[in-house]
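So this block is start-v5.txt, compact mmCIF, C-alpha atoms:
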# COMPACT_ATOMS: atom_id res chain seq x y z
CA MET A 29 0.00 0.00 0.00
CA ASN A 30 1.47 3.34 -1.06
CA ARG A 31 1.05 5.92 1.66
CA THR A 32 2.06 9.56 1.47
CA ALA A 33 3.44 12.34 3.66
CA SER A 34 0.09 12.83 5.38
CA ASP A 35 0.48 9.42 7.01
CA LEU A 36 2.84 10.78 9.66
CA THR A 37 0.40 13.46 10.71
CA THR A 38 -2.73 11.31 10.61
CA GLY A 39 -1.18 8.49 12.64
CA VAL A 40 -1.20 5.93 9.81
CA LEU A 41 2.18 4.26 9.53
CA PRO A 42 3.70 4.25 6.03
CA ASP A 43 5.20 1.21 4.36
CA ALA A 44 8.95 1.53 4.97
CA ALA A 45 9.91 -0.17 1.70
CA VAL A 46 7.63 2.10 -0.36
CA VAL A 47 8.91 5.25 1.34
CA GLN A 48 12.52 4.10 0.93
CA ARG A 49 12.11 3.72 -2.82
CA ARG A 50 10.62 7.19 -3.08
CA VAL A 51 13.33 8.70 -0.88
CA LEU A 52 16.08 7.18 -3.02
CA ARG A 53 14.48 8.50 -6.23
CA VAL A 54 14.31 12.05 -4.85
CA LEU A 55 17.83 11.90 -3.43
CA VAL A 56 19.18 10.63 -6.74
CA ALA A 57 17.63 13.60 -8.57
CA SER A 58 19.03 16.12 -6.10
CA GLN A 59 22.48 14.50 -6.11
CA VAL A 60 22.77 14.72 -9.89
CA LEU A 61 22.29 18.48 -9.58
CA SER A 62 24.46 18.96 -6.52
CA GLY A 63 27.25 16.89 -8.09
CA ALA A 64 27.52 19.45 -10.88
CA GLY A 65 27.60 22.25 -8.33
CA LEU A 66 30.32 20.60 -6.31
CA ALA A 67 32.59 19.53 -9.16
CA ALA A 68 32.44 22.79 -11.10
CA GLY A 69 33.78 24.79 -8.17
CA VAL A 70 36.45 22.24 -7.27
CA THR A 71 37.86 22.37 -10.80
CA VAL A 72 38.72 26.08 -10.81
CA GLY A 73 38.75 27.15 -7.15
CA ALA A 74 42.53 26.83 -6.75
CA LEU A 75 43.19 28.40 -10.16
CA LEU A 76 40.94 31.37 -9.36
CA ALA A 77 42.74 32.01 -6.08
CA GLN A 78 46.13 31.65 -7.73
CA ASP A 79 45.10 34.14 -10.42
CA MET A 80 43.74 36.70 -7.95
CA LEU A 81 46.59 36.38 -5.44
CA GLY A 82 49.44 35.71 -7.85
CA ALA A 83 50.93 33.05 -5.55
CA THR A 84 50.94 29.23 -5.59
CA GLY A 85 51.44 28.92 -1.84
CA LEU A 86 47.86 30.01 -1.16
CA ALA A 87 46.29 28.09 -4.04
CA GLY A 88 45.07 25.47 -1.57
CA LEU A 89 43.23 28.10 0.47
CA PRO A 90 39.92 27.90 -1.48
CA SER A 91 39.69 24.18 -0.84
CA ALA A 92 40.45 24.79 2.82
CA LEU A 93 37.83 27.52 3.03
CA PHE A 94 34.95 25.65 1.48
CA THR A 95 35.76 22.54 3.46
CA ALA A 96 35.90 24.69 6.62
CA GLY A 97 32.53 26.12 5.62
CA SER A 98 31.28 22.60 5.17
CA ALA A 99 32.31 21.86 8.77
CA LEU A 100 29.97 24.53 10.10
CA THR A 101 27.24 23.44 7.72
CA ALA A 102 27.58 19.81 8.81
CA VAL A 103 26.78 20.86 12.38
CA VAL A 104 23.83 22.99 11.31
CA VAL A 105 22.38 20.45 8.87
CA GLY A 106 22.83 17.68 11.45
CA ARG A 107 21.04 19.63 14.18
CA VAL A 108 18.23 20.83 11.92
CA SER A 109 17.75 17.28 10.63
CA GLN A 110 17.74 15.95 14.19
CA ARG A 111 14.94 18.29 15.21
CA HIS A 112 12.92 18.74 12.02
CA GLY A 113 13.92 15.95 9.63
CA ARG A 114 16.23 15.54 6.66
CA ARG A 115 14.20 17.64 4.21
CA PRO A 116 14.63 21.12 5.75
CA GLY A 117 18.24 20.44 6.72
CA LEU A 118 19.37 19.34 3.27
CA ALA A 119 17.37 21.98 1.39
CA ALA A 120 18.81 24.79 3.52
CA GLY A 121 22.35 23.49 3.01
CA TYR A 122 22.07 23.47 -0.77
CA LEU A 123 20.50 26.94 -0.78
CA ALA A 124 23.49 28.26 1.19
CA GLY A 125 25.80 26.67 -1.40
CA ALA A 126 23.96 28.58 -4.14
CA VAL A 127 24.41 31.86 -2.24
CA GLY A 128 28.13 31.14 -1.87
CA SER A 129 28.45 30.53 -5.60
CA LEU A 130 26.90 33.92 -6.30
CA GLY A 131 29.34 35.49 -3.85
CA VAL A 132 32.33 33.99 -5.68
CA ILE A 133 31.13 35.46 -8.96
CA ILE A 134 30.71 38.91 -7.41
CA ALA A 135 34.16 38.65 -5.80
CA ALA A 136 35.74 37.80 -9.16
CA VAL A 137 34.04 40.74 -10.86
CA LEU A 138 35.18 43.12 -8.10
CA ASP A 139 38.63 41.46 -7.88
CA SER A 140 38.18 41.19 -4.11
CA PRO A 141 40.17 38.36 -2.49
CA VAL A 142 38.53 39.01 0.88
CA LEU A 143 35.03 38.61 -0.55
CA LEU A 144 36.23 35.57 -2.48
CA PHE A 145 37.35 33.85 0.71
CA VAL A 146 34.10 34.65 2.53
CA ALA A 147 32.06 33.41 -0.42
CA LEU A 148 34.07 30.19 -0.68
CA PHE A 149 33.42 29.55 3.00
CA VAL A 150 29.66 29.84 2.36
CA TYR A 151 29.99 27.80 -0.86
CA GLY A 152 31.26 24.95 1.31
CA ALA A 153 27.69 24.42 2.52
CA GLY A 154 26.98 22.61 -0.72
CA THR A 155 29.88 20.21 -0.17
CA ALA A 156 28.69 19.31 3.33
CA THR A 157 25.11 18.86 2.22
CA ASN A 158 26.15 16.67 -0.69
CA LEU A 159 27.78 14.31 1.82
CA GLN A 160 24.99 14.55 4.42
CA ALA A 161 22.48 13.35 1.84
CA ARG A 162 24.02 9.88 1.91
CA TYR A 163 22.80 9.40 5.48
CA ALA A 164 19.23 10.10 4.40
CA GLY A 165 19.46 7.16 2.02
CA ALA A 166 20.25 4.80 4.91
CA ASP A 167 17.59 5.95 7.42
CA LEU A 168 15.00 3.39 6.29
CA ALA A 169 17.36 0.72 4.95
CA PRO A 170 17.82 -2.63 6.80
CA ARG A 171 21.31 -3.15 8.18
CA ASP A 172 22.39 -5.61 5.50
CA HIS A 173 21.40 -3.14 2.76
CA ARG A 174 22.64 0.12 4.28
CA ALA A 175 25.88 0.31 2.33
CA ARG A 176 23.99 -0.25 -0.91
CA ALA A 177 21.47 2.47 -0.01
CA VAL A 178 24.31 4.89 0.71
CA SER A 179 25.94 3.90 -2.57
CA THR A 180 22.78 4.58 -4.55
CA VAL A 181 22.80 8.16 -3.32
CA LEU A 182 26.51 8.58 -3.94
CA VAL A 183 26.51 7.19 -7.48
CA ALA A 184 23.89 9.73 -8.50
CA THR A 185 26.51 12.41 -7.98
CA THR A 186 28.52 10.92 -10.84
CA LEU A 187 26.49 12.40 -13.69
CA GLY A 188 26.67 15.95 -12.42
CA GLY A 189 30.18 15.42 -11.08
CA VAL A 190 31.52 14.38 -14.47
CA ALA A 191 29.58 17.00 -16.41
CA GLY A 192 30.59 19.86 -14.10
CA PRO A 193 34.37 19.88 -14.72
CA ASN A 194 33.92 19.38 -18.46
CA LEU A 195 31.71 22.46 -18.54
CA ALA A 196 34.48 24.57 -16.98
CA ALA A 197 35.74 25.86 -20.33
CA PRO A 198 32.28 26.53 -21.91
CA THR A 199 30.95 28.25 -18.79
CA GLY A 200 34.14 30.29 -18.65
CA THR A 201 33.56 31.47 -22.21
CA PHE A 202 29.93 32.25 -21.42
CA ALA A 203 30.95 34.19 -18.31
CA GLU A 204 33.40 36.32 -20.28
CA LYS A 205 30.59 37.32 -22.63
CA LEU A 206 28.74 38.59 -19.56
CA GLY A 207 31.76 40.55 -18.38
CA ILE A 208 32.65 38.01 -15.68
CA PRO A 209 36.21 36.60 -15.38
CA GLY A 210 36.40 33.23 -17.12
CA LEU A 211 37.59 31.29 -14.07
CA ALA A 212 34.44 32.33 -12.21
CA GLY A 213 32.24 30.87 -14.95
CA PRO A 214 31.84 27.40 -13.40
CA PHE A 215 30.35 29.03 -10.30
CA LEU A 216 27.42 30.14 -12.47
CA LEU A 217 26.71 26.46 -12.98
CA SER A 218 27.26 25.76 -9.28
CA GLY A 219 24.76 28.39 -8.19
CA VAL A 220 22.00 27.17 -10.49
CA ALA A 221 22.67 23.50 -9.70
CA TYR A 222 22.61 23.95 -5.93
CA ALA A 223 19.46 26.08 -6.07
CA LEU A 224 17.65 23.42 -8.12
CA ALA A 225 18.82 20.66 -5.75
CA ALA A 226 17.36 22.64 -2.82
CA LEU A 227 14.08 23.02 -4.67
CA VAL A 228 13.81 19.31 -5.49
CA LEU A 229 14.34 18.31 -1.86
CA ALA A 230 12.03 20.95 -0.42
CA VAL A 231 9.18 19.91 -2.70
CA ARG A 232 9.64 16.17 -3.18
CA LEU A 233 11.31 14.64 -0.09
CA ARG A 234 8.02 13.68 1.55
CA PRO A 235 7.56 11.80 3.79
CA ASP A 236 10.80 12.59 5.52
CA PRO A 237 12.98 9.44 5.86
CA LEU A 238 14.33 10.18 9.34
CA LEU A 239 10.96 11.13 10.78
CA THR A 240 9.42 8.06 9.18
CA ALA A 241 12.12 5.80 10.67
CA ARG A 242 11.44 7.26 14.10
CA ALA A 243 7.70 6.76 13.74
CA LEU A 244 8.25 3.14 12.81
CA ALA A 245 10.67 2.68 15.71
CA ASP A 246 8.14 4.10 18.16
CA ALA A 247 5.47 1.76 16.78
CA GLY A 248 7.64 -1.32 17.36
CA PRO A 249 7.44 -4.55 15.32
CA GLU A 250 3.85 -3.81 14.31
CA GLY A 251 5.22 -1.00 12.14
CA ALA A 252 7.00 -3.45 9.89
CA PRO A 253 5.54 -4.05 6.43
CA ALA A 254 4.19 -7.47 5.62
CA GLY A 255 6.93 -9.90 4.69
CA GLY A 256 9.79 -7.68 5.86
CA THR A 257 11.38 -5.74 8.66
CA THR A 258 11.75 -2.05 9.21
CA THR A 259 15.05 -0.39 9.82
CA ALA A 260 13.86 0.21 13.38
CA THR A 261 13.36 -3.51 13.97
CA THR A 262 16.78 -4.21 12.54
CA ASP A 263 18.28 -1.45 14.69
CA ARG A 264 17.07 -3.15 17.87
CA SER A 265 18.10 -6.64 16.81
CA ASP A 266 21.66 -5.87 15.74
CA ARG A 267 22.64 -3.50 18.54
CA SER A 268 25.13 -5.98 19.96
CA ASP A 269 27.10 -5.92 16.68
CA ARG A 270 27.56 -2.18 16.46
CA GLY A 271 30.50 -1.50 18.69
CA GLY A 272 28.90 1.66 20.14
CA ARG A 273 31.29 4.56 20.62
CA GLY A 274 34.18 2.52 19.24
CA GLY A 275 32.29 2.14 15.98
CA VAL A 276 31.80 5.90 15.74
CA VAL A 277 35.49 6.55 16.35
CA LEU A 278 36.61 3.95 13.80
CA GLY A 279 34.17 5.09 11.13
CA ALA A 280 35.16 8.73 11.67
CA LEU A 281 38.87 7.92 11.54
CA ILE A 282 38.51 6.07 8.24
CA MET A 283 36.61 8.92 6.63
CA VAL A 284 38.87 11.63 8.09
CA LEU A 285 42.04 10.06 6.72
CA THR A 286 40.60 9.37 3.28
CA GLN A 287 39.16 12.90 3.06
CA LEU A 288 42.42 14.57 4.08
CA VAL A 289 44.49 12.64 1.54
CA MET A 290 41.94 12.99 -1.23
CA VAL A 291 41.47 16.76 -0.86
CA ALA A 292 45.20 17.48 -0.59
CA ILE A 293 46.17 15.65 -3.78
CA MET A 294 43.05 16.63 -5.74
CA THR A 295 43.39 20.34 -4.92
CA MET A 296 46.89 20.73 -6.30
CA THR A 297 46.61 18.50 -9.35
CA PRO A 298 45.03 21.24 -11.55
CA VAL A 299 47.77 23.63 -10.42
CA HIS A 300 50.40 20.96 -11.19
CA LEU A 301 48.94 20.53 -14.68
CA HIS A 302 48.78 24.29 -15.19
CA ASP A 303 52.43 24.64 -14.22
CA HIS A 304 53.32 22.12 -16.93
CA GLY A 305 51.54 24.05 -19.66
CA HIS A 306 48.09 22.44 -19.65
CA GLY A 307 44.92 24.53 -19.82
CA THR A 308 41.57 24.42 -18.05
CA ALA A 309 40.25 21.75 -20.42
CA ALA A 310 42.95 19.26 -19.36
CA SER A 311 42.30 19.98 -15.70
CA GLY A 312 38.60 19.48 -16.34
CA VAL A 313 39.19 16.05 -17.88
CA VAL A 314 41.40 14.90 -14.99
CA ILE A 315 38.98 16.16 -12.33
CA ALA A 316 36.05 14.62 -14.21
CA VAL A 317 37.80 11.24 -14.15
CA HIS A 318 38.50 11.75 -10.45
CA ILE A 319 34.88 12.66 -9.63
CA ALA A 320 33.63 9.67 -11.64
CA ALA A 321 35.92 7.36 -9.67
CA MET A 322 34.70 8.93 -6.42
CA TYR A 323 31.07 8.10 -7.10
CA LEU A 324 30.59 5.74 -10.06
CA PRO A 325 31.88 2.59 -8.29
CA SER A 326 29.46 3.18 -5.39
CA PRO A 327 26.97 0.37 -6.22
CA LEU A 328 29.81 -2.15 -6.39
CA THR A 329 31.39 -0.73 -3.24
CA GLY A 330 28.10 -0.92 -1.39
CA TRP A 331 27.67 -4.55 -2.38
CA LEU A 332 31.24 -5.34 -1.34
CA VAL A 333 30.78 -3.66 2.05
CA ASP A 334 27.52 -5.51 2.73
CA ARG A 335 28.90 -8.80 1.41
CA PHE A 336 32.46 -8.88 2.78
CA GLY A 337 32.26 -6.52 5.72
CA ARG A 338 33.03 -2.93 6.57
CA LEU A 339 36.59 -3.54 7.81
CA ARG A 340 37.91 -5.30 4.70
CA ILE A 341 36.82 -2.50 2.38
CA ALA A 342 38.13 0.13 4.80
CA ALA A 343 41.55 -1.55 4.61
CA ALA A 344 41.31 -1.59 0.82
CA SER A 345 40.80 2.19 0.88
CA GLY A 346 44.18 2.76 2.52
CA LEU A 347 46.00 0.54 0.02
CA THR A 348 44.25 2.15 -2.96
CA LEU A 349 45.15 5.66 -1.76
CA LEU A 350 48.77 4.59 -1.36
CA ALA A 351 48.82 3.38 -4.97
CA SER A 352 47.34 6.70 -6.07
CA GLY A 353 49.95 8.72 -4.22
CA VAL A 354 52.85 6.71 -5.61
CA LEU A 355 51.55 7.00 -9.18
CA ALA A 356 50.87 10.74 -8.90
CA ALA A 357 54.35 11.30 -7.45
CA THR A 358 56.14 9.39 -10.22
CA ALA A 359 54.01 10.40 -13.23
CA PRO A 360 55.58 12.98 -15.58
CA GLY A 361 53.98 16.39 -15.16
CA ASP A 362 53.08 16.53 -18.84
CA SER A 363 51.26 13.17 -18.78
CA VAL A 364 47.55 13.91 -18.49
CA ALA A 365 46.72 10.21 -18.87
CA LEU A 366 48.87 9.02 -15.94
CA LEU A 367 47.70 11.84 -13.70
CA ALA A 368 44.11 11.01 -14.61
CA LEU A 369 44.75 7.39 -13.63
CA ALA A 370 46.29 8.51 -10.34
CA LEU A 371 43.28 10.71 -9.63
CA ALA A 372 40.97 7.81 -10.53
CA LEU A 373 42.67 5.65 -7.89
CA LEU A 374 42.43 8.59 -5.49
CA GLY A 375 38.68 8.77 -6.04
CA LEU A 376 38.24 5.01 -5.72
CA GLY A 377 40.15 4.90 -2.44
CA TRP A 378 38.03 7.74 -1.11
CA ASN A 379 34.88 5.89 -2.18
CA PHE A 380 35.93 2.73 -0.34
CA GLY A 381 36.61 4.75 2.80
CA LEU A 382 33.43 6.82 2.67
CA VAL A 383 31.01 3.94 2.05
CA SER A 384 32.57 1.62 4.63
CA GLY A 385 32.95 4.41 7.18
CA THR A 386 29.38 5.61 6.69
CA ALA A 387 28.05 2.07 7.18
CA ILE A 388 30.09 1.70 10.38
CA ILE A 389 28.76 5.02 11.74
CA THR A 390 25.14 4.24 10.85
CA ASP A 391 25.39 0.80 12.46
CA ALA A 392 26.81 2.32 15.64
CA VAL A 393 24.34 5.15 16.28
CA PRO A 394 20.69 4.76 17.39
CA LEU A 395 17.91 6.71 15.67
CA ALA A 396 17.41 8.98 18.67
CA THR A 397 20.78 10.68 18.16
CA ARG A 398 21.67 9.60 14.62
CA ALA A 399 21.46 12.87 12.68
CA ARG A 400 23.28 14.91 15.31
CA THR A 401 26.11 12.38 15.60
CA GLN A 402 26.41 12.07 11.83
CA GLY A 403 26.65 15.85 11.59
CA MET A 404 29.46 15.95 14.14
CA VAL A 405 31.32 13.17 12.33
CA ASP A 406 31.07 15.14 9.12
CA VAL A 407 32.55 18.14 10.95
CA SER A 408 35.71 16.12 11.54
CA ILE A 409 35.68 15.09 7.89
CA ALA A 410 35.37 18.71 6.80
CA VAL A 411 38.16 19.82 9.13
CA ALA A 412 40.35 17.10 7.65
CA GLY A 413 39.51 18.35 4.17
CA ALA A 414 40.33 21.92 5.18
CA THR A 415 43.65 20.78 6.61
CA GLY A 416 44.46 18.88 3.45
CA GLY A 417 43.46 21.80 1.27
CA ILE A 418 45.41 24.54 3.02
CA SER A 419 48.51 22.40 3.63
CA SER A 420 48.63 21.14 0.05
CA GLY A 421 49.58 24.51 -1.40
CA LEU A 422 52.25 25.06 1.25
CA VAL A 423 53.78 21.61 0.68
CA VAL A 424 53.84 22.06 -3.09
CA ALA A 425 55.36 25.53 -2.79
CA ALA A 426 58.06 24.20 -0.46
CA SER A 427 58.79 20.72 -1.82
CA GLY A 428 56.81 20.11 -5.00
CA TYR A 429 53.79 18.12 -6.05
CA PRO A 430 55.49 14.66 -5.98
CA VAL A 431 56.31 15.07 -2.27
CA LEU A 432 52.69 16.02 -1.54
CA ALA A 433 51.33 13.00 -3.43
CA LEU A 434 53.72 10.50 -1.85
CA THR A 435 53.16 11.87 1.65
CA GLY A 436 49.41 11.60 1.22
CA GLY A 437 49.64 8.01 0.05
CA VAL A 438 51.78 6.97 3.00
CA LEU A 439 49.50 8.79 5.45
CA ALA A 440 46.50 6.81 4.16
CA LEU A 441 48.11 3.62 5.47
CA ALA A 442 47.20 4.74 9.00
CA VAL A 443 43.79 3.20 8.28
CA LEU A 444 45.30 -0.30 8.44
CA PRO A 445 46.35 -0.47 12.12
CA ALA A 446 42.99 0.98 13.21
CA VAL A 447 41.12 -1.65 11.21
CA ALA A 448 43.44 -4.41 12.46
CA ALA A 449 42.93 -3.38 16.08
CA THR A 450 39.16 -3.42 15.69
CA ALA A 451 39.22 -6.82 13.99
CA TYR A 452 41.42 -8.19 16.79
CA ARG A 453 39.01 -6.99 19.50
CA ARG A 454 36.16 -8.77 17.78

Using the file provided, produce a representation of the structure as structure tokens.
Amino acid sequence: MNRTASDLTTGVLPDAAVVQRRVLRVLVASQVLSGAGLAAGVTVGALLAQDMLGATGLAGLPSALFTAGSALTAVVVGRVSQRHGRRPGLAAGYLAGAVGSLGVIIAAVLDSPVLLFVALFVYGAGTATNLQARYAGADLAPRDHRARAVSTVLVATTLGGVAGPNLAAPTGTFAEKLGIPGLAGPFLLSGVAYALAALVLAVRLRPDPLLTARALADAGPEGAPAGGTTTATTDRSDRSDRGGRGGVVLGALIMVLTQLVMVAIMTMTPVHLHDHGHGTAASGVVIAVHIAAMYLPSPLTGWLVDRFGRLRIAAASGLTLLASGVLAATAPGDSVALLALALALLGLGWNFGLVSGTAIITDAVPLATRARTQGMVDVSIAVAGATGGISSGLVVAASGYPVLALTGGVLALAVLPAVAATAYRR
């Protein structure tokens, strides 16, 4: 029986499976849009800062700023979602990302670095919200399908994420016709994409997945649909397998390390290509490959996590990121193909870490505090991204891109002892 948003206010419990399918459809639509908004800004953010400041050392600052902005947004979206549901939290986050995009464009027109940095901080709201949306996909999913639900949301980002960087050059040309600096052009796309994502969620994400999961949990086993179990029933039955606080710490550590390494290497790769004579189009191709590898393997990753366990795939993330760092460090600067392959491995390693870490966190946290805890975990992820972004420019300025890439790859191996220790305790 297909029940609608009014069910939660009239006291009639909705069918969890029906609502979950609807939720995933809406999230997929919003993620396609938000992926374009995210990727377009990532492609040219460092180049825009380098152009306005005239220095490579601060080229990583934009990435640091919008990841720092995403830290604040993760707290806000988490708290709003905890109190009012996923829909208002996610919609507000994407709307803030659209406002930040507009601010970047104005800053470029006025040639104001200060305004640019403020706008990039606000733009980071879109990044945080893009990640927070994955939790909404898992609210109503049974435990043994949570990783796949998260992956469905993540893979939807691929279409927009691949299209965004490849539109960097055309949007730059379009912007110049409007009297806007070419490097700010992709932020036109970001603003429109984030605004449309906010609209889709505000209008279509009904009933709210988190509020529905809570209603089903309050109702007990009688809230389960015929022939199946609700996520609430599963939550109560598998509590002994979660690991509690230890699960939260492990999941956060995995995602923090993978985010730090990924952002650091990704941020400076367009600058590295630029320094070797390549234009925006080449950077767009490399970042598009990277974004595709971040999200496109998600269905397979979700299946692997559910099938073989969270810890095995988390360990694979560290090894994959090491391979990426070694390849990026040794690839010739004029080889777009090898750098694209290195960035593909970087995205894949990040994907392994994010999906496995998200599943570990969701398993470990009860519905009563889930959104707030997830928001706080994403704060640590954003801080890690900010650290990776701001330090990347300094490392490249002091020692070069190969040192940055190799250091990042080695750092990712810290995932392995944490996973091994958890496996040993079990």

Counting all atoms listed in the file, note down every residue that has an atom within 9 Å of the point (20.2, 13.4, 8.7) (file coordinates), as a PyMOL selection string. chain A and resi 105-110+113-115+117-118+160-164+167+237-238+398-400+402-403

List as a ChimeraX atom specification the protein and nucleic acid residues near His306 in chain A, meaning an atom at most 12 Å away when only C-alpha atoms are counted, but skip any in the same chain fewer than 5 places from it. /A:297-301,311-314,361-364

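Closest to Pro209 in chain A among A:Arg340, A:Ala410, A:Asp79, A:Gly375 is A:Asp79, based on only C-alpha atoms.
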
Can you list, as a ChimeraX atom specification, every protein, DNA or RNA residue that comes within 7 Å of Ala343 in chain A when you count all atoms listed in the file, leaving out same-chain residues fewer than 4 positions away? /A:339,347,443-444,447

Counting only C-alpha atoms, the option among A:Leu159, A:Leu217, A:Leu89, A:Ala197 closest to Ser129 in chain A: A:Leu217

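If you look at CA of Ile293 in chain A and CA of Ala433 in chain A, they are 5.8 Å away from each other.
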
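Of the residues under consideration (A:Ile418, A:Ile208, A:Ala184, A:Val47), A:Ile418 shows the shortest atom-to-atom contact distance to Ala74 in chain A when counting only C-alpha atoms.
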
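Minimum atom-to-atom distance to Ala124 in chain A, evaluated using only C-alpha atoms, belongs to A:Thr155 out of A:Thr295, A:Thr358, A:Thr155, A:Thr201.
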
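Counting all atoms listed in the file and comparing A:Val72, A:Thr329, A:Leu373, A:Thr286, the residue that lies closest to His302 in chain A is A:Val72.
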
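Of the listed residues A:Asp236, A:Asp172, A:Glu204, A:Asp246, the one whose atoms come nearest to Leu52 in chain A is A:Asp236, with distances taken using all atoms listed in the file.
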
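Atom to atom, CA of Met322 in chain A and CA of Val231 in chain A stand 28.0 Å apart.
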
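Put simply, CA of Met294 in chain A is 17.7 Å away from CA of Leu211 in chain A.
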
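Taking all atoms listed in the file into account, the residues near (16.6, 13.0, -5.4), no farther than 9 Å, are Arg50, Val51, Leu52, Arg53, Val54, Leu55, Val56, Ala57, Ser58, Gln59, Val60, Leu61, Val181, Ala184, Ala225, Val228, Leu229, Arg232 and Leu233 of chain A.
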
Regenerate range 122-136 of chain A at the level of N, CA and C atoms and dump it as a short mmCIF file (atom, residue, chain, number, x, y, z; two decimals), in the coordinates of the input.
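That gives us result_1.cif:
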data_model
loop_
_atom_site.label_atom_id
_atom_site.label_comp_id
_atom_site.auth_asym_id
_atom_site.auth_seq_id
_atom_site.Cartn_x
_atom_site.Cartn_y
_atom_site.Cartn_z
N TYR A 122 21.85 23.23 0.65
CA TYR A 122 22.07 23.47 -0.77
C TYR A 122 21.79 24.93 -1.14
N LEU A 123 20.80 25.53 -0.51
CA LEU A 123 20.50 26.94 -0.78
C LEU A 123 21.68 27.82 -0.37
N ALA A 124 22.31 27.50 0.76
CA ALA A 124 23.49 28.26 1.19
C ALA A 124 24.62 28.10 0.18
N GLY A 125 24.78 26.89 -0.38
CA GLY A 125 25.80 26.67 -1.40
C GLY A 125 25.56 27.54 -2.63
N ALA A 126 24.29 27.72 -3.00
CA ALA A 126 23.96 28.58 -4.14
C ALA A 126 24.33 30.03 -3.85
N VAL A 127 24.06 30.48 -2.63
CA VAL A 127 24.41 31.86 -2.24
C VAL A 127 25.93 32.05 -2.28
N GLY A 128 26.68 31.05 -1.81
CA GLY A 128 28.13 31.14 -1.87
C GLY A 128 28.65 31.22 -3.29
N SER A 129 28.05 30.48 -4.20
CA SER A 129 28.45 30.53 -5.60
C SER A 129 28.27 31.93 -6.17
N LEU A 130 27.15 32.55 -5.85
CA LEU A 130 26.90 33.92 -6.30
C LEU A 130 27.95 34.87 -5.73
N GLY A 131 28.32 34.65 -4.47
CA GLY A 131 29.34 35.49 -3.85
C GLY A 131 30.68 35.38 -4.53
N VAL A 132 31.06 34.18 -4.97
CA VAL A 132 32.33 33.99 -5.68
C VAL A 132 32.33 34.77 -6.99
N ILE A 133 31.23 34.73 -7.69
CA ILE A 133 31.13 35.46 -8.96
C ILE A 133 31.29 36.96 -8.73
N ILE A 134 30.61 37.48 -7.72
CA ILE A 134 30.71 38.91 -7.41
C ILE A 134 32.15 39.27 -7.01
N ALA A 135 32.78 38.40 -6.22
CA ALA A 135 34.16 38.65 -5.80
C ALA A 135 35.10 38.70 -7.00
N ALA A 136 34.89 37.82 -7.98
CA ALA A 136 35.74 37.80 -9.16
C ALA A 136 35.55 39.07 -9.99
#
